[in-house]
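The structure appears right after this line, and notes come after that.
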Amino acid sequence: MAKRTIGDLSNLRGKRVLVRVDFNVPLDAEGNITNDRRIRGALPTLRHLLNAGAGVVVMSHLGRPKGDPKKDAPFRMDRVAARLGLLLGNPTIKVDEVVGSSATAAAQALNPGEVLVLENLRFHPGEQSGDASFAAELAKLGDIYVNDAFGTCHRKDASMVAVPAAMRGKPRVVGTLVAKELDILDRLLSHPLRPFVGILGGGKVSDKMGFIKALLSRVDRVLIGGAMTYTFMKALGHNVGSSRLEADKLDLARELLDLGKGKIELPVDHLVVEKIDAPQTARIVEGDIPDGTVGVDIGPKTIARYSDAVENARLVVWNGPLGKFEDDPYSKGTKEIARVLSELTPKGISIVGGGETAEAVEEFGLAEKMTHVSTGGGAFLEYVEGTPFAALAEIDDK
């Protein structure tokens, strides 16, 4: 059933709106933001609320704090709040606590059009435990709840489930970003255009078992790349040298290959090196991977074959890089397929799963040319698999 969105809200002037966003942005060693795509993704929702005269309380987690104030310092929300204010063109207020007297006072003092950013949700133990009393304190900060954090929709953290549960009777809606994600995934995956091609990369077959099974029931072809290639190859009896693989998941790989009935396609050639940190030893091999070498990318014949499949598709869903793209000498496969996919519109539709795949197309300067780049990695996978999200169950139906 369709969920209520911010577009269904009226009379927002003077209201305090509690917005759960996903500002879990990548940081360098000093805590500087290296990519603000997730912050930019929330701007349409925040601008809509601010222009309607609401005061907005923003909450998000950032990183994986461990409880050591010194080590956790890079995970404070100060830089995120500053970047948000810069992008909005609207100064933000930031408090150094998640709940408590300072947060309550700041929220109550919000004027129409002002933004308050709470401290990192994960600084409070109640967030990841889903603590109801913690959620009740957060719930008091807003008259309306907005979920605009698709990347966290598959989690049961307090801010995602217990807070909207505590706000039953008040409006609980999704923001622009989440509404767009749900609309695109529901519309395109339920009635896909043909040919429909899936591209799967990344490290582990086991991490994407449900996703692969869900895709196999819908797609015409699945193109495999990344380290998961070597688990599939080994399952078929091929030599993979010293390449990374899941030796205990060979039966799972065989099961998926049988289930695919010829839909799953593996690389026909590979870029291999003697050591990851020795790109000067790189060479192309076809078929098996020689002993003493490691597969790091798909080869030119595979790039050509996969490019042809993408060019002739009308719908492509891609999740997972096709090689060790973060190292430039090993990025050609991922980069070239991203380039070809970016040229699919307007003839076809390109959907890029979140996580590393989204980072890759952003790094290559191609994100804006895709039909849709998801803001969720794990959430994207689980939604396509058909996993129910408790966070969305707490949102009001239309």
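Numbering starts fresh at 1 for the residues of each chain in the structure tokens, the chains themselves are lettered A, B, ... in the order given, and ligands are numbered from 1 as they appear.
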
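Residues within 9 Å of Thr371 in chain A, counting only C-alpha atoms and excluding same-chain residues fewer than 2 positions away, are Ser342, Leu344, Thr345, Pro346, Gly348, Ile349, Ser350, Ile351, Val352, Ala367, Glu368, Lys369 and Val373 of chain A.
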
message: Among range 259-381 of chain A, which ones does DSSP assign to helix (DSSP H, G or I) (computed from the backbone)? Answer as a ChimeraX atom specification.
response: /A:259-260,279-281,300-311,328-330,332-342,356-363,367-369,378-381

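Picture a line from CA of Thr152 in chain A to CA of Gly41 in chain A; it runs 13.7 Å.
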
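The neighbours of Ile303 in chain A here are the residues that come within 9 Å of it, using only C-alpha atoms and leaving out any residue fewer than 4 positions away in the same chain; they are Pro267, Ile298, Gly299, Ser307, Asp308, Lys332, Gly333, Thr334, Glu336 and Ile337 of chain A.
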
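Minimum atom-to-atom distance to Gly203 in chain A, evaluated using only C-alpha atoms, belongs to A:Val296 out of A:Ala132, A:Ile276, A:Ala73, A:Val296.
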
message: Residues within 10 Å of Thr281 in chain A, please, as a ChimeraX atom specification. Count only C-alpha atoms; anything in the same chain fewer than 6 positions from it doesn't count.
response: /A:272-275,293

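Using only C-alpha atoms, the nearest neighbour of Ala165 in chain A within the list A:Asp28, A:Asp131, A:Glu382, A:Asp36 is A:Asp131.
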
Within 9 Å of range 76-100 of chain A, which residues of range 15-51 of chain A show up? Give each one with its shortest atom-to-atom distance in Å (one decimal) and the two atoms involved, counting only C-alpha atoms, rows by chain then rising residue number, as JSON lines.
```
{"residue": "A:Phe23", "atom": "CA", "partner": "A:Val80", "partner_atom": "CA", "distance": 7.5}
{"residue": "A:Val25", "atom": "CA", "partner": "A:Val80", "partner_atom": "CA", "distance": 8.3}
{"residue": "A:Gly31", "atom": "CA", "partner": "A:Arg79", "partner_atom": "CA", "distance": 8.2}
{"residue": "A:Asn32", "atom": "CA", "partner": "A:Arg79", "partner_atom": "CA", "distance": 7.3}
{"residue": "A:Ile33", "atom": "CA", "partner": "A:Arg79", "partner_atom": "CA", "distance": 7.5}
{"residue": "A:Asp36", "atom": "CA", "partner": "A:Arg83", "partner_atom": "CA", "distance": 8.1}
{"residue": "A:Ile39", "atom": "CA", "partner": "A:Leu84", "partner_atom": "CA", "distance": 6.6}
{"residue": "A:Arg40", "atom": "CA", "partner": "A:Leu87", "partner_atom": "CA", "distance": 7.4}
{"residue": "A:Leu43", "atom": "CA", "partner": "A:Leu88", "partner_atom": "CA", "distance": 7.0}
{"residue": "A:Leu46", "atom": "CA", "partner": "A:Leu88", "partner_atom": "CA", "distance": 8.4}
{"residue": "A:Arg47", "atom": "CA", "partner": "A:Leu88", "partner_atom": "CA", "distance": 7.5}
```

Please produce a file of the residues just selected, as an mmCIF file, in the first residue's frame, where the atoms kept are C-alpha atoms.
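Written file, selection-v4.cif:
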```
data_model
loop_
_atom_site.group_PDB
_atom_site.id
_atom_site.type_symbol
_atom_site.label_atom_id
_atom_site.label_comp_id
_atom_site.auth_asym_id
_atom_site.auth_seq_id
_atom_site.Cartn_x
_atom_site.Cartn_y
_atom_site.Cartn_z
ATOM 1 C CA PHE A 23 23.815 11.555 6.682
ATOM 2 C CA VAL A 25 28.686 10.249 4.814
ATOM 3 C CA GLY A 31 36.760 13.396 10.013
ATOM 4 C CA ASN A 32 36.418 15.575 6.912
ATOM 5 C CA ILE A 33 33.521 14.770 4.576
ATOM 6 C CA ASP A 36 28.246 14.778 0.504
ATOM 7 C CA ILE A 39 23.315 15.225 2.386
ATOM 8 C CA ARG A 40 22.391 16.552 -1.054
ATOM 9 C CA LEU A 43 17.722 18.726 0.394
ATOM 10 C CA LEU A 46 14.183 19.785 3.927
ATOM 11 C CA ARG A 47 13.564 22.706 1.564
#
```

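Between Pro26 in chain A and the candidates A:Asp143, A:Arg64, A:Tyr383, A:Val219, the tightest atom-to-atom separation, counting only C-alpha atoms, involves A:Arg64.
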
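Atom to atom, CA of Val58 in chain A and CA of Asp186 in chain A stand 27.3 Å apart.
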